[in-house]
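Everything below concerns the one structure shown next.
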Amino acid sequence: EPEVTQTPSHQVTQMGQEVILRCVPISNHLYFYWYRQILGQKVEFLVSFYNNEISEKSEIFDDQFSVERPDGSNFTLKIRSTKLEDSAMYFCASGGVASGGSGELFFGEGSRLTVL
Amino acid sequence: AQSVTQLGSHVSVSEGALVLLRCNYSSSVPPYLFWYVQYPNQGLQLLLKYTTGATLVKGINGFEAEFKKSETSFHLTKPSAHMSDAAEYFCAVSDPRDDKIIFGKGTRLHILP
């Protein structure tokens with residue numbers, strides 16, 4: 001069964017360092033998303049990406065964040081200069097097919113980011 | 001704008017008892033509705049979804065939910081709780097036009113022996 005894969009599963013970094021989280025969405029999906037879950041809290045929408053551009057972003061997704069689909073298969077989230085409060089689980093999701101989607105998003109297992 | 005409210009951040013039920021997790025939504029368009037489960041240190045797994053058609057939706061692990069438009073609710077139920085049901089449950093809503101999902105704050109389900 002097709003699935004969304006994310007790497008790394010866990011990354012520890014120093015405050016101020018750049019981090020790139022990688023995702024491989026399901027191959028025929030058209031929409032790509034990043035969500036964030038701070039420990040013990042709700043899952044929050046960060047950004048959606050469609051047709052090679054950001055379609056929507058939340059207020060969390062400030063200038064420190066960027067997304068890219070560099071090669072038609074990977075979908076990356078970059079945090080330019082990490083802060084302590086960026087420590088969270090980051091989930092990638094994909095959905096929507098050309099023939100019409102069911103509205104369901106398929107989530108990866110998540111990348112846990114710890115900023116020290 | 002869409003939103004989801006889950007009543008009760010923690011719910012405890014005895015093993016074998018009825019599970020009822022409450023979810024109310026707000027949406028300006030007919031929504032798609034979802035329940036996701038998250039086991040400790042794991043990702044999000046879809047339990048069930050409502051898009052169109054039958055308002056009583058059956059999902060995995062014996063869970064079901066009923067879409068009640070008049071009450072703007074999508075409560076999750078299971079007739080008999082099992083210890084393995086202990087997890088965090090998230091209700092979610094999406095606008096069918098863009099697939100973006102908005103999650104509720106989650107309800108942690110505790111199963112008492």
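Order determines the names: the first chain of the structure tokens is A, the second B, and so forth; residues in each chain are numbered 1 upward, and ligands are numbered 1 upward as they are shown.
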
If we count only C-alpha atoms, what is near Ala87 in chain B at a cut-off of 9 Å, once residues fewer than 2 positions away on the same chain are taken out, given as a ChimeraX atom specification? /B:37-40,84-85,89,107-110

As a CSV table (one decimal) with N, CA, C and O atoms, in the first residue's frame, could you give me every residue of chain A near chain B (at most 12 Å apart, counting only C-alpha atoms)?
```
chain,number,residue,atom,x,y,z
A,3,GLU,N,2.5,4.8,0.8
A,3,GLU,CA,2.5,5.5,2.0
A,3,GLU,C,3.4,6.7,1.9
A,3,GLU,O,4.2,6.8,1.0
A,4,VAL,N,3.2,7.6,2.8
A,4,VAL,CA,4.0,8.8,2.9
A,4,VAL,C,5.2,8.5,3.9
A,4,VAL,O,5.0,8.0,5.0
A,5,THR,N,6.4,8.8,3.4
A,5,THR,CA,7.6,8.5,4.2
A,5,THR,C,8.3,9.8,4.6
A,5,THR,O,8.4,10.7,3.8
A,6,GLN,N,8.8,9.8,5.8
A,6,GLN,CA,9.5,11.0,6.3
A,6,GLN,C,10.9,10.6,6.9
A,6,GLN,O,11.0,9.6,7.5
A,9,SER,N,13.6,10.4,11.3
A,9,SER,CA,12.5,10.1,12.3
A,9,SER,C,12.7,11.0,13.5
A,9,SER,O,11.8,11.4,14.2
A,10,HIS,N,14.0,11.3,13.8
A,10,HIS,CA,14.3,12.1,15.0
A,10,HIS,C,15.6,12.9,14.7
A,10,HIS,O,16.5,12.4,14.2
A,29,HIS,N,-0.4,11.9,-5.8
A,29,HIS,CA,-1.1,12.9,-5.1
A,29,HIS,C,-0.6,14.3,-5.6
A,29,HIS,O,0.5,14.5,-6.1
A,30,LEU,N,-1.6,15.3,-5.4
A,30,LEU,CA,-1.3,16.6,-6.0
A,30,LEU,C,-1.1,17.7,-4.9
A,30,LEU,O,-0.6,18.7,-5.2
A,31,TYR,N,-1.6,17.4,-3.7
A,31,TYR,CA,-1.5,18.4,-2.6
A,31,TYR,C,-0.6,17.9,-1.5
A,31,TYR,O,-0.7,16.7,-1.2
A,32,PHE,N,0.2,18.8,-1.0
A,32,PHE,CA,1.2,18.4,0.0
A,32,PHE,C,1.1,19.3,1.2
A,32,PHE,O,0.9,20.5,1.0
A,33,TYR,N,1.3,18.8,2.4
A,33,TYR,CA,1.1,19.6,3.6
A,33,TYR,C,2.2,19.3,4.6
A,33,TYR,O,2.8,18.2,4.7
A,34,TRP,N,2.4,20.3,5.5
A,34,TRP,CA,3.2,20.1,6.7
A,34,TRP,C,2.3,20.5,7.9
A,34,TRP,O,1.7,21.6,7.8
A,35,TYR,N,2.3,19.7,8.9
A,35,TYR,CA,1.6,20.0,10.1
A,35,TYR,C,2.7,19.8,11.3
A,35,TYR,O,3.7,19.2,11.1
A,36,ARG,N,2.4,20.5,12.4
A,36,ARG,CA,3.3,20.4,13.5
A,36,ARG,C,2.5,20.1,14.8
A,36,ARG,O,1.3,20.5,15.0
A,37,GLN,N,3.1,19.3,15.6
A,37,GLN,CA,2.4,18.9,16.9
A,37,GLN,C,3.5,19.1,18.0
A,37,GLN,O,4.4,18.3,18.2
A,38,ILE,N,3.3,20.2,18.8
A,38,ILE,CA,4.1,20.3,20.0
A,38,ILE,C,3.7,19.3,21.0
A,38,ILE,O,2.5,19.0,21.1
A,39,LEU,N,4.6,18.8,21.8
A,39,LEU,CA,4.4,17.7,22.7
A,39,LEU,C,3.1,17.9,23.5
A,39,LEU,O,3.1,19.0,24.2
A,40,GLY,N,2.2,17.0,23.5
A,40,GLY,CA,1.0,17.1,24.3
A,40,GLY,C,-0.1,18.1,23.8
A,40,GLY,O,-1.1,18.3,24.5
A,41,GLN,N,0.2,18.6,22.6
A,41,GLN,CA,-0.8,19.6,22.1
A,41,GLN,C,-1.4,19.1,20.8
A,41,GLN,O,-1.2,18.0,20.3
A,42,LYS,N,-2.3,20.0,20.2
A,42,LYS,CA,-3.0,19.6,19.0
A,42,LYS,C,-2.1,19.6,17.8
A,42,LYS,O,-1.0,20.1,17.8
A,43,VAL,N,-2.6,19.0,16.8
A,43,VAL,CA,-1.9,19.0,15.5
A,43,VAL,C,-2.3,20.3,14.7
A,43,VAL,O,-3.4,20.5,14.5
A,44,GLU,N,-1.3,21.1,14.4
A,44,GLU,CA,-1.5,22.4,13.8
A,44,GLU,C,-1.1,22.4,12.3
A,44,GLU,O,0.0,22.0,12.0
A,45,PHE,N,-1.9,23.0,11.5
A,45,PHE,CA,-1.6,23.2,10.1
A,45,PHE,C,-0.5,24.2,10.0
A,45,PHE,O,-0.5,25.3,10.6
A,46,LEU,N,0.5,23.9,9.1
A,46,LEU,CA,1.6,24.9,8.8
A,46,LEU,C,1.4,25.5,7.4
A,46,LEU,O,1.4,26.7,7.2
A,47,VAL,N,1.4,24.6,6.4
A,47,VAL,CA,1.4,25.0,5.1
A,47,VAL,C,0.9,24.0,4.1
A,47,VAL,O,1.0,22.8,4.4
A,48,SER,N,0.3,24.4,3.0
A,48,SER,CA,-0.1,23.5,2.0
A,48,SER,C,0.5,23.9,0.7
A,48,SER,O,0.9,25.1,0.5
A,49,PHE,N,0.8,23.0,-0.2
A,49,PHE,CA,1.6,23.2,-1.4
A,49,PHE,C,0.9,22.5,-2.6
A,49,PHE,O,0.5,21.3,-2.5
A,50,TYR,N,0.6,23.2,-3.6
A,50,TYR,CA,0.0,22.7,-4.8
A,50,TYR,C,0.5,23.3,-6.0
A,50,TYR,O,0.7,24.5,-6.1
A,55,SER,N,0.0,27.2,-1.4
A,55,SER,CA,-1.4,27.6,-1.6
A,55,SER,C,-2.0,28.2,-0.4
A,55,SER,O,-2.9,29.1,-0.5
A,56,GLU,N,-1.5,27.8,0.8
A,56,GLU,CA,-2.0,28.4,2.0
A,56,GLU,C,-0.9,28.2,3.1
A,56,GLU,O,-0.2,27.2,3.1
A,57,LYS,N,-0.8,29.2,4.0
A,57,LYS,CA,0.1,29.0,5.1
A,57,LYS,C,-0.5,29.6,6.4
A,57,LYS,O,-1.3,30.5,6.3
A,58,SER,N,-0.2,29.1,7.5
A,58,SER,CA,-0.7,29.6,8.8
A,58,SER,C,0.2,30.7,9.3
A,58,SER,O,1.3,30.9,8.8
A,88,ALA,N,9.2,20.0,18.2
A,88,ALA,CA,7.9,19.4,17.9
A,88,ALA,C,8.0,18.2,17.0
A,88,ALA,O,9.1,17.9,16.5
A,89,MET,N,6.9,17.5,16.8
A,89,MET,CA,6.8,16.5,15.8
A,89,MET,C,6.2,17.2,14.6
A,89,MET,O,5.2,17.9,14.6
A,90,TYR,N,6.8,16.9,13.5
A,90,TYR,CA,6.4,17.5,12.2
A,90,TYR,C,5.9,16.4,11.3
A,90,TYR,O,6.6,15.4,11.0
A,91,PHE,N,4.6,16.6,10.9
A,91,PHE,CA,4.0,15.6,10.0
A,91,PHE,C,3.9,16.1,8.6
A,91,PHE,O,3.4,17.2,8.4
A,92,CYS,N,4.2,15.3,7.7
A,92,CYS,CA,4.0,15.5,6.3
A,92,CYS,C,2.7,14.8,5.9
A,92,CYS,O,2.4,13.7,6.4
A,93,ALA,N,1.9,15.3,5.0
A,93,ALA,CA,0.7,14.7,4.5
A,93,ALA,C,0.6,15.0,3.0
A,93,ALA,O,1.0,16.0,2.5
A,94,SER,N,-0.1,14.1,2.3
A,94,SER,CA,-0.4,14.3,0.9
A,94,SER,C,-1.8,13.8,0.6
A,94,SER,O,-2.4,13.0,1.4
A,95,GLY,N,-2.4,14.4,-0.4
A,95,GLY,CA,-3.8,14.0,-0.8
A,95,GLY,C,-4.1,14.5,-2.1
A,95,GLY,O,-3.4,15.2,-2.8
A,96,GLY,N,-5.4,14.2,-2.6
A,96,GLY,CA,-5.9,14.7,-3.8
A,96,GLY,C,-5.2,14.1,-5.0
A,96,GLY,O,-4.0,14.1,-5.2
A,97,VAL,N,-6.1,13.5,-5.9
A,97,VAL,CA,-5.6,13.0,-7.1
A,97,VAL,C,-6.3,13.6,-8.3
A,97,VAL,O,-7.3,14.3,-8.1
A,100,GLY,N,-10.0,13.3,-8.8
A,100,GLY,CA,-10.9,13.7,-7.7
A,100,GLY,C,-10.6,13.0,-6.4
A,100,GLY,O,-10.5,11.8,-6.4
A,101,GLY,N,-10.4,13.7,-5.4
A,101,GLY,CA,-10.0,13.0,-4.1
A,101,GLY,C,-11.1,12.8,-3.2
A,101,GLY,O,-12.3,13.2,-3.4
A,102,SER,N,-10.9,12.1,-2.1
A,102,SER,CA,-11.9,11.8,-1.1
A,102,SER,C,-11.8,12.7,0.0
A,102,SER,O,-12.6,12.6,1.0
A,103,GLY,N,-10.9,13.7,-0.1
A,103,GLY,CA,-10.7,14.6,1.0
A,103,GLY,C,-9.8,14.1,2.1
A,103,GLY,O,-9.5,14.7,3.1
A,104,GLU,N,-9.4,12.8,2.0
A,104,GLU,CA,-8.5,12.2,3.0
A,104,GLU,C,-7.1,12.6,2.8
A,104,GLU,O,-6.6,12.6,1.6
A,105,LEU,N,-6.4,12.9,3.8
A,105,LEU,CA,-5.0,13.1,3.8
A,105,LEU,C,-4.3,11.9,4.4
A,105,LEU,O,-4.8,11.3,5.3
A,106,PHE,N,-3.2,11.6,3.8
A,106,PHE,CA,-2.4,10.5,4.2
A,106,PHE,C,-1.1,11.0,4.9
A,106,PHE,O,-0.4,11.8,4.3
A,107,PHE,N,-0.9,10.6,6.1
A,107,PHE,CA,0.1,11.2,7.0
A,107,PHE,C,1.3,10.3,7.0
A,107,PHE,O,1.2,9.1,7.1
A,108,GLY,N,2.5,10.9,7.1
A,108,GLY,CA,3.7,10.2,7.4
A,108,GLY,C,3.8,9.9,8.9
A,108,GLY,O,2.9,10.3,9.7
A,109,GLU,N,4.8,9.2,9.3
A,109,GLU,CA,5.0,8.8,10.7
A,109,GLU,C,5.5,10.0,11.5
A,109,GLU,O,5.5,9.9,12.8
A,110,GLY,N,6.0,11.0,10.9
A,110,GLY,CA,6.4,12.2,11.6
A,110,GLY,C,7.9,12.2,11.8
A,110,GLY,O,8.6,11.2,11.8
A,111,SER,N,8.5,13.4,11.9
A,111,SER,CA,9.9,13.7,12.2
A,111,SER,C,9.9,14.5,13.5
A,111,SER,O,9.3,15.6,13.6
A,112,ARG,N,10.5,13.9,14.5
A,112,ARG,CA,10.6,14.6,15.8
A,112,ARG,C,11.8,15.5,15.8
A,112,ARG,O,12.9,15.0,15.6
```

Excluding Ser66 in chain A and any residue of its chain fewer than 3 positions from it, enumerate the residues within 9 Å of it, using only C-alpha atoms, and give them as a PDB file with N, CA and C atoms, in the first residue's frame.
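Saved to result22.pdb:
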```
ATOM      1  N   PHE A  61       3.797  29.711  10.158  1.00  0.00           N
ATOM      2  CA  PHE A  61       4.740  29.552   9.040  1.00  0.00           C
ATOM      3  C   PHE A  61       5.302  30.922   8.682  1.00  0.00           C
ATOM      4  N   ASP A  62       6.275  31.372   9.485  1.00  0.00           N
ATOM      5  CA  ASP A  62       6.848  32.695   9.242  1.00  0.00           C
ATOM      6  C   ASP A  62       8.056  32.590   8.319  1.00  0.00           C
ATOM      7  N   ASP A  63       8.822  33.661   8.243  1.00  0.00           N
ATOM      8  CA  ASP A  63       9.935  33.726   7.291  1.00  0.00           C
ATOM      9  C   ASP A  63      11.043  32.727   7.593  1.00  0.00           C
ATOM     10  N   THR A  76      10.149  19.079   0.960  1.00  0.00           N
ATOM     11  CA  THR A  76      10.964  19.386   2.133  1.00  0.00           C
ATOM     12  C   THR A  76      10.438  20.589   2.898  1.00  0.00           C
ATOM     13  N   LEU A  77      10.693  20.558   4.193  1.00  0.00           N
ATOM     14  CA  LEU A  77      10.416  21.691   5.075  1.00  0.00           C
ATOM     15  C   LEU A  77      11.750  22.139   5.647  1.00  0.00           C
ATOM     16  N   LYS A  78      12.088  23.401   5.442  1.00  0.00           N
ATOM     17  CA  LYS A  78      13.328  23.946   5.956  1.00  0.00           C
ATOM     18  C   LYS A  78      13.015  24.968   7.040  1.00  0.00           C
ATOM     19  N   ILE A  79      13.736  24.839   8.143  1.00  0.00           N
ATOM     20  CA  ILE A  79      13.673  25.856   9.188  1.00  0.00           C
ATOM     21  C   ILE A  79      15.041  26.509   9.212  1.00  0.00           C
ATOM     22  N   ARG A  80      15.088  27.798   8.890  1.00  0.00           N
ATOM     23  CA  ARG A  80      16.373  28.450   8.628  1.00  0.00           C
ATOM     24  C   ARG A  80      17.212  28.585   9.888  1.00  0.00           C
TER      25      ARG A  80
END
```

All residues 12 Å or closer to Leu112 in chain B, only C-alpha atoms, same chain fewer than 2 positions away omitted, as a ChimeraX atom specification: /B:11-17,19,81-86,109-110

Please, could you write that set of residues out with N, CA, C and O atoms as a CSV table (one decimal), in the first residue's frame?
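Result file is selection.csv:
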```csv
chain,number,residue,atom,x,y,z
B,11,VAL,N,-10.8,11.3,28.6
B,11,VAL,CA,-12.0,10.5,28.9
B,11,VAL,C,-11.5,9.1,29.4
B,11,VAL,O,-10.6,8.5,28.8
B,12,SER,N,-12.1,8.7,30.5
B,12,SER,CA,-11.8,7.4,31.0
B,12,SER,C,-13.0,6.5,31.0
B,12,SER,O,-14.1,6.9,31.4
B,13,VAL,N,-12.8,5.3,30.5
B,13,VAL,CA,-13.9,4.3,30.5
B,13,VAL,C,-13.4,2.9,30.9
B,13,VAL,O,-12.2,2.7,30.8
B,14,SER,N,-14.2,2.1,31.5
B,14,SER,CA,-13.8,0.8,31.9
B,14,SER,C,-13.8,-0.1,30.7
B,14,SER,O,-14.5,0.0,29.7
B,15,GLU,N,-12.9,-1.1,30.7
B,15,GLU,CA,-12.8,-2.1,29.7
B,15,GLU,C,-14.2,-2.8,29.5
B,15,GLU,O,-14.8,-3.2,30.5
B,16,GLY,N,-14.6,-2.8,28.3
B,16,GLY,CA,-15.9,-3.4,28.0
B,16,GLY,C,-17.1,-2.4,28.0
B,16,GLY,O,-18.2,-2.7,27.5
B,17,ALA,N,-16.8,-1.2,28.4
B,17,ALA,CA,-17.9,-0.2,28.5
B,17,ALA,C,-17.9,0.6,27.1
B,17,ALA,O,-17.0,0.5,26.3
B,19,VAL,N,-17.6,3.5,24.6
B,19,VAL,CA,-16.8,4.7,24.4
B,19,VAL,C,-17.5,5.7,23.6
B,19,VAL,O,-18.2,5.4,22.6
B,81,ALA,N,-15.1,-1.1,25.0
B,81,ALA,CA,-13.8,-0.6,25.0
B,81,ALA,C,-12.8,-1.8,25.2
B,81,ALA,O,-13.1,-2.7,26.0
B,82,HIS,N,-11.6,-1.7,24.6
B,82,HIS,CA,-10.6,-2.7,24.8
B,82,HIS,C,-9.3,-1.9,25.3
B,82,HIS,O,-9.2,-0.7,24.9
B,83,MET,N,-8.5,-2.6,26.0
B,83,MET,CA,-7.3,-1.9,26.5
B,83,MET,C,-6.5,-1.3,25.4
B,83,MET,O,-5.9,-0.2,25.6
B,84,SER,N,-6.5,-1.9,24.3
B,84,SER,CA,-5.7,-1.4,23.2
B,84,SER,C,-6.2,-0.2,22.5
B,84,SER,O,-5.6,0.4,21.7
B,85,ASP,N,-7.4,0.3,23.0
B,85,ASP,CA,-8.0,1.5,22.4
B,85,ASP,C,-7.4,2.7,23.1
B,85,ASP,O,-7.7,3.9,22.7
B,86,ALA,N,-6.6,2.6,24.2
B,86,ALA,CA,-6.0,3.7,24.8
B,86,ALA,C,-5.1,4.5,23.9
B,86,ALA,O,-4.1,3.9,23.4
B,109,LEU,N,-8.0,9.0,25.5
B,109,LEU,CA,-8.8,8.0,26.0
B,109,LEU,C,-8.0,7.0,26.9
B,109,LEU,O,-7.0,6.5,26.5
B,110,HIS,N,-8.5,6.9,28.1
B,110,HIS,CA,-7.9,6.0,29.1
B,110,HIS,C,-8.9,4.8,29.3
B,110,HIS,O,-10.1,5.0,29.5
```

Write out as a VMD selection string which residues come within 9 Å of Leu76 in chain B when counting only C-alpha atoms, dropping same-chain ones fewer than 5 positions away. chain B and resid 19 to 23 35 63 to 66 91
